[in-house]
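Q: data_17.txt is reproduced in full below (compact mmCIF, C-alpha atoms).
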```
# COMPACT_ATOMS: atom_id res chain seq x y z
CA MET D 14 -5.48 -39.12 -17.89
CA SER D 15 -7.15 -36.42 -15.84
CA ALA D 16 -6.19 -32.86 -15.09
CA ASN D 17 -7.85 -33.25 -11.72
CA ARG D 18 -5.44 -35.69 -10.23
CA THR D 19 -2.44 -34.74 -8.15
CA ARG D 20 0.90 -35.59 -9.61
CA LYS D 21 4.32 -35.94 -8.17
CA ASN D 22 5.81 -32.52 -8.08
CA ARG D 23 8.65 -31.44 -10.28
CA VAL D 24 7.83 -27.82 -11.00
CA ASP D 25 8.10 -26.10 -7.66
CA GLY D 26 10.43 -28.25 -5.65
CA GLY D 27 8.05 -29.70 -3.11
CA ASP D 28 4.69 -27.98 -2.97
CA ALA D 29 1.61 -28.79 -4.95
CA VAL D 30 0.73 -26.24 -7.59
CA HIS D 31 -2.89 -25.25 -7.89
CA LEU D 32 -4.03 -24.55 -11.41
CA SER D 33 -6.19 -21.66 -10.29
CA ASN D 34 -3.07 -19.91 -9.00
CA LEU D 35 -1.19 -20.12 -12.28
CA LYS D 36 -1.04 -17.21 -14.68
CA ILE D 37 0.52 -17.42 -18.11
CA ILE D 38 2.35 -14.17 -18.76
CA ASN D 39 2.91 -13.19 -22.39
CA GLY D 40 2.73 -16.82 -23.37
CA CYS D 41 6.18 -17.63 -22.04
CA ILE D 42 6.24 -17.30 -18.23
CA VAL D 43 4.06 -19.28 -15.86
CA PHE D 44 3.61 -17.46 -12.55
CA ASP D 45 2.13 -18.94 -9.40
CA VAL D 46 0.46 -15.96 -7.71
CA CYS D 47 0.29 -17.81 -4.40
CA SER D 48 3.87 -19.01 -4.02
CA GLY D 49 5.48 -16.26 -6.09
CA LYS D 50 7.41 -18.82 -8.11
CA PHE D 51 7.74 -18.42 -11.83
CA HIS D 52 9.17 -20.44 -14.66
CA ARG D 53 9.95 -19.80 -18.28
CA VAL D 54 7.95 -22.19 -20.42
CA SER D 55 7.76 -23.04 -24.10
CA GLU D 56 4.78 -22.05 -26.21
CA THR D 57 3.56 -25.64 -26.22
CA ALA D 58 3.82 -25.91 -22.43
CA ALA D 59 1.89 -22.67 -22.08
CA PHE D 60 -0.75 -24.07 -24.43
CA ILE D 61 -1.21 -27.21 -22.33
CA ILE D 62 -1.30 -25.28 -19.04
CA ASN D 63 -3.96 -22.98 -20.47
CA GLU D 64 -6.03 -26.00 -21.45
CA LEU D 65 -5.59 -27.48 -17.97
CA LYS D 66 -6.71 -24.21 -16.40
CA GLN D 67 -9.89 -24.42 -18.46
CA GLN D 68 -10.36 -27.96 -17.12
CA THR D 69 -10.24 -29.39 -20.60
CA PRO D 70 -10.21 -33.19 -20.39
CA ALA D 71 -6.82 -34.70 -21.20
CA SER D 72 -8.19 -36.52 -24.24
CA GLN D 73 -9.42 -33.22 -25.64
CA ILE D 74 -6.11 -31.51 -24.87
CA ILE D 75 -4.42 -34.10 -27.06
CA VAL D 76 -6.86 -33.41 -29.87
CA ASP D 77 -6.46 -29.63 -29.55
CA TYR D 78 -2.69 -29.92 -29.31
CA SER D 79 -2.53 -32.16 -32.38
CA GLN D 80 -4.62 -29.70 -34.39
CA ARG D 81 -2.86 -26.59 -33.15
CA TYR D 82 0.61 -27.82 -34.06
CA GLY D 83 -0.33 -30.03 -37.00
CA ILE D 84 1.17 -33.20 -35.61
CA PRO D 85 -0.10 -36.79 -35.46
CA ARG D 86 -2.32 -37.56 -32.51
CA ALA D 87 0.05 -40.25 -31.21
CA ILE D 88 2.91 -37.78 -31.02
CA ALA D 89 0.63 -35.20 -29.43
CA ALA D 90 -0.45 -37.77 -26.84
CA ARG D 91 3.17 -38.53 -26.01
CA ASP D 92 4.08 -34.85 -25.70
CA VAL D 93 1.12 -34.06 -23.48
CA GLU D 94 1.67 -37.11 -21.29
CA LEU D 95 5.38 -36.38 -20.89
CA PHE D 96 4.68 -32.77 -20.03
CA MET D 97 2.03 -33.64 -17.48
CA ASN D 98 4.35 -36.18 -15.93
CA ASP D 99 6.85 -33.41 -15.54
CA ILE D 100 4.67 -31.03 -13.61
CA SER D 101 2.54 -31.20 -10.54
CA VAL D 102 -0.96 -29.84 -10.70
CA THR D 103 -3.86 -29.92 -8.31
CA ALA D 104 -7.10 -28.68 -9.76
CA MET P 9 4.14 22.97 6.97
CA THR P 10 4.62 19.56 8.54
CA THR P 11 8.10 18.58 9.66
CA ILE P 12 8.84 14.88 9.90
CA ALA P 13 11.97 13.37 11.40
CA VAL P 14 13.14 10.04 9.97
CA SER P 15 16.05 7.84 11.02
CA GLY P 16 17.78 4.82 9.47
CA LEU P 17 19.29 6.72 6.56
CA HIS P 18 22.08 4.39 5.44
CA ARG P 19 21.47 2.40 2.27
CA GLY P 20 24.55 0.18 2.50
CA ASP P 21 24.84 -3.57 1.96
CA ASN P 22 22.30 -3.96 4.75
CA PRO P 23 20.04 -1.08 3.73
CA GLN P 24 18.06 0.81 6.30
CA PRO P 25 14.48 1.91 5.62
CA GLY P 26 14.79 5.69 6.12
CA PRO P 27 15.25 6.88 2.52
CA ALA P 28 12.51 4.53 1.29
CA VAL P 29 10.17 5.88 3.97
CA ILE P 30 11.04 9.47 3.03
CA ARG P 31 10.43 8.85 -0.66
CA SER P 32 7.07 7.21 0.08
CA ILE P 33 5.98 10.08 2.33
CA ARG P 34 6.91 12.66 -0.30
CA ARG P 35 4.86 10.80 -2.91
CA ARG P 36 1.71 11.90 -1.09
CA HIS P 37 2.99 14.81 0.98
CA PRO P 38 5.49 16.56 -1.32
CA SER P 39 5.66 19.75 0.73
CA VAL P 40 6.75 18.22 4.03
CA LYS P 41 10.12 19.06 5.54
CA ILE P 42 12.22 16.03 6.30
CA VAL P 43 14.71 16.07 9.14
CA GLY P 44 17.17 13.18 9.09
CA LEU P 45 18.24 11.68 12.39
CA SER P 46 21.68 10.21 11.80
CA TYR P 47 24.22 8.27 13.84
CA ASP P 48 27.14 8.71 11.49
CA LEU P 49 28.60 11.33 9.17
CA LEU P 50 28.60 8.89 6.27
CA GLU P 51 25.03 7.61 6.32
CA SER P 52 24.34 7.51 2.62
CA GLY P 53 20.91 9.12 2.76
CA LEU P 54 22.53 12.37 3.90
CA PHE P 55 24.04 12.74 0.45
CA SER P 56 20.90 12.18 -1.60
CA LYS P 57 19.62 15.21 -3.46
CA ALA P 58 16.65 13.26 -4.77
CA ASP P 59 13.20 12.85 -3.25
CA ASP P 60 14.57 10.43 -0.65
CA GLY P 61 16.96 13.06 0.70
CA VAL P 62 16.65 15.21 3.80
CA ASP P 63 16.12 18.94 4.23
CA ALA P 64 18.24 18.95 7.35
CA ALA P 65 20.02 16.35 9.42
CA PHE P 66 21.20 16.01 12.96
CA LEU P 67 23.62 13.68 14.68
CA MET P 68 21.93 11.63 17.34
CA PRO P 69 23.13 9.88 20.49
CA PHE P 70 23.23 6.11 20.09
CA PRO P 71 20.10 4.33 21.32
CA THR P 72 22.15 2.67 24.07
CA LYS P 73 22.43 6.11 25.71
CA GLY P 74 18.77 5.74 26.63
CA PRO P 75 15.61 7.84 26.42
CA LYS P 76 16.92 10.79 28.45
CA ALA P 77 19.76 11.49 26.04
CA LEU P 78 17.38 11.07 23.12
CA LEU P 79 14.87 13.49 24.60
CA GLU P 80 17.54 16.09 25.25
CA ARG P 81 18.71 15.89 21.64
CA LEU P 82 15.20 16.00 20.25
CA GLU P 83 14.47 19.11 22.33
CA GLU P 84 17.56 20.77 20.85
CA ILE P 85 16.42 19.89 17.36
CA ASP P 86 12.87 20.96 18.07
CA GLN P 87 14.08 24.44 18.98
CA VAL P 88 15.44 25.03 15.48
CA TYR P 89 13.27 22.67 13.46
CA PRO P 90 9.97 22.29 15.29
CA LEU P 91 9.08 18.66 14.79
CA ASP P 92 5.56 17.38 14.19
CA ILE P 93 6.17 13.68 13.68
CA ILE P 94 9.04 11.25 14.22
CA VAL P 95 9.21 7.99 12.27
CA PRO P 96 11.88 5.80 13.88
CA CYS P 97 13.17 3.26 11.39
CA LEU P 98 15.66 1.20 13.41
CA ASP P 99 14.76 -1.64 15.77
CA SER P 100 17.14 -0.47 18.49
CA GLU P 101 15.51 2.97 18.65
CA ILE P 102 11.95 1.86 19.20
CA PRO P 103 12.09 1.16 22.98
CA ASN P 104 13.38 4.69 23.65
CA TYR P 105 10.64 6.21 21.52
CA LEU P 106 7.98 4.10 23.23
CA ASP P 107 9.27 5.40 26.57
CA LEU P 108 9.11 8.98 25.33
CA ALA P 109 5.87 8.82 23.34
CA ASP P 110 3.70 10.51 25.96
CA GLY P 111 6.29 13.15 26.79
CA LEU P 112 6.81 13.95 23.14
CA LYS P 113 3.09 14.21 22.59
CA THR P 114 2.82 16.90 25.24
CA ARG P 115 5.48 18.77 23.25
CA GLY P 116 3.34 18.43 20.13
CA ILE P 117 5.45 15.68 18.57
CA GLN P 118 3.77 12.50 17.38
CA THR P 119 5.63 9.22 17.35
CA SER P 120 4.86 5.53 17.68
CA LEU P 121 1.70 4.68 19.60
CA LEU P 122 2.67 1.04 19.85
CA SER P 123 2.27 -0.42 23.32
CA ASN P 124 5.27 -1.81 25.18
CA LYS P 125 3.36 -5.05 25.62
CA SER P 126 2.86 -5.53 21.88
CA PHE P 127 6.47 -4.60 21.24
CA GLU P 128 7.76 -7.16 23.73
CA ARG P 129 5.47 -9.95 22.62
CA ARG P 130 6.96 -9.93 19.12
CA SER P 131 10.60 -9.78 20.23
CA LYS P 132 12.82 -12.63 19.11
CA ASP P 133 12.95 -14.15 22.56
CA ASN P 134 9.16 -14.12 22.89
CA LEU P 135 8.28 -15.04 19.31
CA TYR P 136 7.95 -18.74 20.05
CA GLN P 137 5.37 -18.00 22.76
CA LEU P 138 3.54 -15.66 20.38
CA GLY P 139 3.39 -18.48 17.86
CA LYS P 140 1.90 -20.79 20.46
CA ALA P 141 -0.67 -18.18 21.47
CA THR P 142 -1.76 -17.56 17.88
CA GLY P 143 -1.44 -21.07 16.51
CA ILE P 144 1.21 -19.94 14.04
CA ARG P 145 4.29 -22.02 13.34
CA VAL P 146 7.46 -20.48 14.76
CA PRO P 147 10.79 -22.31 14.76
CA ARG P 148 11.83 -23.55 18.19
CA THR P 149 13.65 -20.78 20.05
CA ILE P 150 15.83 -20.77 23.17
CA VAL P 151 17.37 -17.68 24.77
CA ALA P 152 21.00 -18.13 25.88
CA SER P 153 23.06 -15.69 27.92
CA ASP P 154 26.45 -17.41 27.89
CA LEU P 155 28.41 -19.86 25.80
CA LYS P 156 27.54 -22.82 27.99
CA ALA P 157 23.85 -22.06 27.58
CA VAL P 158 24.36 -21.66 23.83
CA HIS P 159 25.90 -25.12 23.53
CA LYS P 160 23.07 -26.57 25.60
CA ALA P 161 20.47 -24.82 23.41
CA CYS P 162 22.20 -26.05 20.25
CA ASP P 163 22.15 -29.62 21.55
CA GLU P 164 18.48 -29.34 22.41
CA ILE P 165 17.44 -27.81 19.09
CA GLY P 166 19.88 -29.73 16.93
CA TYR P 167 22.10 -28.52 14.12
CA PRO P 168 21.81 -26.66 11.84
CA LEU P 169 20.30 -23.67 13.54
CA PHE P 170 20.54 -19.90 13.67
CA LEU P 171 22.03 -17.80 16.43
CA LYS P 172 20.56 -14.32 16.48
CA GLY P 173 21.27 -11.12 18.34
CA LYS P 174 18.27 -9.83 20.27
CA GLN P 175 17.85 -6.97 17.82
CA TYR P 176 20.39 -7.39 15.04
CA GLY P 177 22.66 -9.94 13.48
CA ALA P 178 22.33 -13.65 12.83
CA GLY P 179 24.51 -16.53 11.78
CA ARG P 180 23.79 -20.08 10.67
CA VAL P 181 25.74 -22.63 12.68
CA THR P 182 26.31 -26.29 11.99
CA THR P 183 28.87 -27.26 14.65
CA PRO P 184 29.67 -26.36 18.29
CA ALA P 185 32.80 -24.56 17.08
CA GLU P 186 30.75 -22.38 14.76
CA ALA P 187 28.30 -21.74 17.56
CA ALA P 188 31.08 -20.40 19.78
CA HIS P 189 32.38 -18.17 17.00
CA VAL P 190 28.95 -16.75 16.10
CA PHE P 191 28.01 -16.29 19.76
CA ASN P 192 31.18 -14.29 20.42
CA SER P 193 30.65 -12.18 17.29
CA LEU P 194 27.05 -11.38 18.18
CA VAL P 195 27.80 -10.52 21.79
CA THR P 196 30.75 -8.34 20.80
CA ALA P 197 28.71 -6.47 18.20
CA TRP P 198 25.29 -6.24 19.81
CA GLY P 199 25.52 -7.48 23.39
CA GLY P 200 23.71 -10.46 24.85
CA PRO P 201 21.69 -12.53 25.18
CA VAL P 202 21.51 -14.41 21.92
CA ILE P 203 18.62 -16.42 20.59
CA ALA P 204 19.07 -19.94 19.23
CA GLN P 205 16.45 -20.66 16.60
CA SER P 206 15.85 -23.88 14.74
CA ALA P 207 16.59 -23.64 11.01
CA VAL P 208 13.51 -24.18 8.86
CA SER P 209 14.18 -26.54 5.99
CA GLY P 210 12.88 -24.47 3.14
CA SER P 211 14.44 -22.31 0.51
CA ASP P 212 11.64 -19.81 -0.01
CA GLU P 213 11.51 -16.68 2.08
CA TYR P 214 8.52 -14.40 2.31
CA ASP P 215 8.32 -10.89 3.70
CA VAL P 216 5.24 -8.92 4.61
CA VAL P 217 5.11 -5.20 5.26
CA GLY P 218 2.02 -3.75 6.81
CA LEU P 219 0.38 -1.18 9.02
CA GLY P 220 -1.77 -1.99 12.04
CA ASP P 221 -4.47 0.29 13.41
CA GLY P 222 -3.80 -0.54 17.08
CA LYS P 223 -7.20 -2.16 17.51
CA GLY P 224 -6.40 -5.45 15.83
CA GLY P 225 -7.11 -4.33 12.29
CA LEU P 226 -4.81 -4.31 9.31
CA LEU P 227 -4.86 -1.08 7.29
CA GLY P 228 -2.73 -2.42 4.48
CA SER P 229 -0.06 -4.94 3.67
CA CYS P 230 2.09 -6.25 0.86
CA SER P 231 3.50 -9.78 0.76
CA ILE P 232 6.50 -10.69 -1.34
CA ARG P 233 8.63 -13.71 -2.05
CA LYS P 234 12.29 -12.79 -1.99
CA ILE P 235 13.65 -13.54 -5.45
CA MET P 236 17.14 -12.17 -4.92
CA LEU P 237 19.12 -12.25 -1.69
CA THR P 238 22.25 -10.48 -0.54
CA GLY P 239 25.05 -12.42 1.15
CA THR P 240 23.40 -11.65 4.48
CA GLY P 241 19.99 -12.85 3.35
CA LYS P 242 18.44 -9.44 2.79
CA ALA P 243 15.93 -9.01 -0.01
CA PHE P 244 17.53 -7.52 -3.10
CA GLY P 245 14.51 -8.34 -5.19
CA GLY P 246 10.99 -9.52 -4.48
CA ILE P 247 7.74 -10.36 -6.19
CA VAL P 248 4.22 -9.74 -4.87
CA VAL P 249 2.27 -12.86 -3.95
CA ALA P 250 -1.40 -13.33 -3.13
CA ASP P 251 -1.49 -16.24 -0.72
CA PRO P 252 -4.70 -16.43 1.34
CA ASP P 253 -3.03 -18.62 3.98
CA LEU P 254 -0.17 -16.20 4.44
CA GLN P 255 -2.59 -13.27 4.59
CA ALA P 256 -4.69 -15.04 7.22
CA THR P 257 -1.55 -15.65 9.28
CA VAL P 258 -0.60 -11.98 9.11
CA GLU P 259 -4.07 -10.86 10.11
CA LYS P 260 -4.08 -13.30 13.02
CA ILE P 261 -0.81 -11.89 14.40
CA ILE P 262 -1.88 -8.27 14.06
CA LYS P 263 -5.20 -9.00 15.69
CA LYS P 264 -3.58 -10.83 18.60
CA LEU P 265 -1.04 -8.07 19.23
CA LYS P 266 -3.43 -5.20 18.51
CA TRP P 267 -0.47 -3.86 16.60
CA TRP P 268 -0.20 -0.15 15.99
CA GLY P 269 1.93 1.17 13.16
CA PRO P 270 4.42 -0.35 10.78
CA PHE P 271 5.70 -3.90 10.88
CA GLU P 272 7.63 -6.41 8.84
CA LEU P 273 6.96 -10.12 9.17
CA GLU P 274 9.53 -12.60 7.87
CA PHE P 275 8.59 -16.17 7.00
CA VAL P 276 10.32 -19.22 5.62
CA LYS P 277 8.16 -21.72 3.81
CA GLY P 278 8.94 -25.23 4.98
CA LYS P 279 7.27 -28.55 4.43
CA GLN P 280 4.49 -27.61 6.85
CA GLY P 281 3.86 -24.19 5.39
CA HIS P 282 4.95 -20.73 6.42
CA GLU P 283 6.95 -20.42 9.62
CA LEU P 284 7.37 -17.01 11.23
CA ILE P 285 11.04 -16.32 11.91
CA GLU P 286 10.94 -12.63 12.82
CA MET P 287 8.68 -9.66 13.37
CA ASN P 288 10.26 -6.24 13.07
CA PRO P 289 8.56 -3.18 14.58
CA ARG P 290 9.22 -0.83 11.66
CA PHE P 291 9.02 -0.54 7.90
CA PRO P 292 11.46 -2.68 5.91
CA ALA P 293 14.00 -1.22 3.48
CA TRP P 294 11.83 -2.20 0.49
CA VAL P 295 8.75 -0.27 1.68
CA ASP P 296 8.90 2.17 -1.24
CA PHE P 297 8.17 -0.70 -3.63
CA PRO P 298 4.54 -1.17 -2.53
CA SER P 299 4.24 2.62 -2.33
CA GLN P 300 4.85 2.71 -6.07
CA ILE P 301 2.10 0.21 -6.82
CA GLY P 302 -0.73 1.70 -4.82
CA CYS P 303 0.05 0.67 -1.24
CA ASN P 304 1.75 3.68 0.33
CA LEU P 305 1.99 2.66 3.96
CA PRO P 306 4.44 5.37 5.17
CA ALA P 307 2.12 8.06 3.77
CA MET P 308 -0.78 6.37 5.52
CA LEU P 309 1.18 6.40 8.77
CA ILE P 310 1.62 10.16 8.39
CA ASP P 311 -2.11 10.50 7.71
CA MET P 312 -2.76 8.59 10.93
CA HIS P 313 -0.49 10.92 12.87
CA LEU P 314 -2.15 13.96 11.32
CA GLY P 315 -5.57 12.65 12.26
CA HIS P 316 -6.65 12.28 8.64
CA PRO P 317 -9.21 9.56 7.92
CA VAL P 318 -7.61 6.35 6.68
CA THR P 319 -9.27 3.41 5.00
CA PRO P 320 -7.74 -0.01 4.36
CA ILE P 321 -5.72 -0.24 1.17
CA LYS P 322 -6.53 -2.90 -1.40
CA PRO P 323 -3.95 -5.69 -1.84
CA CYS P 324 -1.05 -5.27 -4.22
CA GLU P 325 -1.28 -7.02 -7.56
CA PRO P 326 0.62 -10.33 -7.59
CA GLY P 327 3.40 -10.45 -10.13
CA ARG P 328 4.61 -6.89 -9.56
CA LEU P 329 8.25 -7.09 -8.59
CA PHE P 330 11.17 -4.97 -7.50
CA VAL P 331 14.88 -5.24 -8.01
CA ARG P 332 17.15 -3.04 -5.96
CA HIS P 333 19.49 -0.73 -7.84
CA CYS P 334 22.52 0.85 -6.23
CA VAL P 335 23.76 4.27 -7.30
CA ASP P 336 26.75 6.40 -6.39
CA LEU P 337 25.84 9.64 -4.64
CA VAL P 338 28.12 12.64 -4.86
CA GLY P 339 28.97 14.50 -1.69
CA ASP P 340 31.46 17.07 -0.56
CA ILE P 341 33.88 17.23 2.31
CA SER P 342 32.03 20.32 3.51
CA GLN P 343 29.02 18.13 4.28
CA LEU P 344 31.17 16.01 6.55
CA ALA P 345 32.40 19.17 8.19
CA ASP P 346 28.83 20.33 8.73
CA MET P 347 27.69 17.02 10.13
CA SER P 348 30.70 16.70 12.38
CA GLY P 349 29.38 19.86 13.99
CA GLY P 350 26.15 18.05 14.78
CA SER P 351 23.87 19.03 11.94
CA MET P 352 23.55 20.10 8.35
CA THR P 353 20.84 21.74 6.34
CA LYS P 354 20.01 22.45 2.73
CA ASP P 355 18.73 25.90 3.53
CA THR P 356 20.31 28.60 5.63
CA THR P 357 17.70 29.48 8.21
CA PRO P 358 19.40 31.57 10.88
CA SER P 359 18.19 29.38 13.70
CA VAL P 360 19.99 26.41 12.26
CA ASN P 361 23.20 28.32 11.79
CA LYS P 362 22.90 29.47 15.35
CA MET P 363 22.45 25.96 16.53
CA MET P 364 25.41 24.70 14.54
CA GLU P 365 27.56 27.34 16.17
CA SER P 366 26.36 26.35 19.60
CA ILE P 367 27.19 22.70 18.94
CA THR P 368 30.63 23.35 17.51
```
Could you render the structure from this file as structure tokens?
A:
Amino acid sequence: MSANRTRKNRVDGGDAVHLSNLKIINGCIVFDVCSGKFHRVSETAAFIINELKQQTPASQIIVDYSQRYGIPRAIAARDVELFMNDISVTA
Amino acid sequence: MTTIAVSGLHRGDNPQPGPAVIRSIRRRHPSVKIVGLSYDLLESGLFSKADDGVDAAFLMPFPTKGPKALLERLEEIDQVYPLDIIVPCLDSEIPNYLDLADGLKTRGIQTSLLSNKSFERRSKDNLYQLGKATGIRVPRTIVASDLKAVHKACDEIGYPLFLKGKQYGAGRVTTPAEAAHVFNSLVTAWGGPVIAQSAVSGSDEYDVVGLGDGKGGLLGSCSIRKIMLTGTGKAFGGIVVADPDLQATVEKIIKKLKWWGPFELEFVKGKQGHELIEMNPRFPAWVDFPSQIGCNLPAMLIDMHLGHPVTPIKPCEPGRLFVRHCVDLVGDISQLADMSGGSMTKDTTPSVNKMMESIT
């Protein structure tokens, strides 16, 4: 799993979202400064997006996520994978 | 003291820019006198006692009366309230002011320095050609003078599409019957011809306000995505965006037109990116929003007129947003009585009273 690959879009209804354009506002809103679109996100989603913005490899995101929320790595891997399936990001 | 005349004072369901322009000007030039140029006794801005209100107001002949009638009225006003600058805020007024610009200048009154050529090149019926000349996507556009031509244009473009008045009004049509209805409504309200414009398949609308220096340069601009729309598609809320592609498009247009003064560019974002659907030769109704976040374009326009040095303004911060808020203004029947006589004023300078008597 790589943060650098383009995924089928679900977040913005048609356009690719570039990670560099995303800003996490107060940990609960993700704002695309280029398109002007914004979405309310959960704390865990914000955590993953922040990791993606730092170009953290997906395997490391799973490790960080597991540690941060004190959950088994397998569950963390499922959560991260499901979330990344649900959004479209282009690094 | 500088006296500035501003029009477009009605903040109704389709708000006009005047009060927003006045408020922006007063942010930097608090001591200016504002003269409102009004077409109706009930233009809401006449009743504002806040910083978007007027110091005096005068009834004006409709723009369809032409430049001569406008000049005569402005001369009457100038006798009692010597004008320094006029900021026209309605599309339909601009051609008259462009015609009069030189004559007004000799009378010591500054107004738009936009060229007729630039003005015409951005008109709805020429926008498609402008897009071709600049390499900017513009929805296909056909000008139609009668119903037969409208139906032909609709067939050529394909439904759905928009029918637009040359200066005001628009309606989305999906069938020939709707096309006939919208065509008749537009012609009755605004006259012909109408413009048939292909509908862009995209739900996101972007607006850009800016100020051109007349040499191809952009002195400042603010781009927003509309986040709330009125029933007629007007922005009721917007958020600042920082999109390099959109900015490059704006700069390309301004450079090509050598645009002088205020403008509003309207885009819809479709599958192929931003498509330009309109360019308006004036400030939009939301212009006081960027003024509040460091991009005061109306004040800069006044600086340009006054010959003050101006330097390009830095871009607005993305994520700043506005939401429009309607309030109820209190007036008095005596204000209607004053305005029905042709003018009203907050002070009681004798010359104004004299003029009011002469009008009534």
Q: Please return, as a list in words, all residues of chain P lying within 10 Å of chain D when only C-alpha atoms are considered.
A: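 Here they are: Gly210, Ser211, Asp212, Tyr214, Ser231, Ile232, Arg233, Lys234, Ile235, Gly246, Ile247, Val248, Val249, Ala250, Asp251, Pro252, Asp253, Leu254, Lys277, Gly278, Lys279, Gln280, Gly281, Glu325, Pro326, Gly327 and Leu329 of chain P.
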Q: Enter the distance from CA of Met287 in chain P to CA of Lys73 in chain P, in Å, rounded to one decimal.
A: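 The value is 24.3 Å.
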Q: For Glu128 in chain P, which residue among P:Thr196, P:Gln175, P:Ser39, P:Ser32 is the nearest when counting only C-alpha atoms?
A: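 The closest residue to Glu128 in chain P is P:Gln175.
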Q: Find the residues near Arg91 in chain D: any atom within 12 Å, counting all atoms listed in the file, skip ones fewer than 4 places away on the same chain, and give them as an MDAnalysis selection string.
A: chainID D and resid 14 71:72 74:76 78:79 84:87 95:98
Q: Which residue, P:Leu237, P:Val338, P:Leu135, P:Val318, has the smallest gap to Asn288 in chain P when you use all atoms listed in the file?
A: P:Leu135
Q: I'd like the contact shell of range 144-146 of chain P - 9 Å cut-off, all atoms listed in the file, skipping same-chain residues fewer than 4 positions apart - returned as a list in words.
A: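 Once the adjacent positions are removed, what remains is Leu135, Tyr136, Gln137, Leu138, Gly139, Lys140, Thr257, Lys260, Ile261, Phe275, Gln280, Gly281, His282, Glu283, Leu284, Ile285 and Glu286 of chain P.
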Q: What would the list of residues within 8 Å of (16.8, -25.7, 9.0) (file frame) look like as a PDB file with C-alpha atoms, in the coordinates of the input, if all atoms listed in the file are what count?
A:
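Printed below is out-v3.pdb as written:
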```pdb
ATOM      1  CA  TYR P 167      22.100 -28.520  14.120  1.00  0.00           C
ATOM      2  CA  PRO P 168      21.810 -26.660  11.840  1.00  0.00           C
ATOM      3  CA  LEU P 169      20.300 -23.670  13.540  1.00  0.00           C
ATOM      4  CA  SER P 206      15.850 -23.880  14.740  1.00  0.00           C
ATOM      5  CA  ALA P 207      16.590 -23.640  11.010  1.00  0.00           C
ATOM      6  CA  VAL P 208      13.510 -24.180   8.860  1.00  0.00           C
ATOM      7  CA  SER P 209      14.180 -26.540   5.990  1.00  0.00           C
ATOM      8  CA  GLY P 210      12.880 -24.470   3.140  1.00  0.00           C
TER       9      GLY P 210
END
```
Q: Please, what distance in Å, to one decimal, runs between CA of Pro298 in chain P and CA of Leu32 in chain D?
A: 26.4 Å
Q: Name the residues in contact with Asn63 in chain D at a cut-off of 12 Å, using all atoms listed in the file, excluding same-chain residues fewer than 3 positions from it; report them as a ChimeraX atom specification.
A: /D:16,32-38,40-43,54,56-60,66-70,74,77-78
Q: Using all atoms listed in the file for the distances, tell me which of P:His333, P:Lys172, P:Lys263, P:Lys57 is nearest to Lys132 in chain P.
A: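 Closest to Lys132 in chain P of all the choices is P:Lys172.
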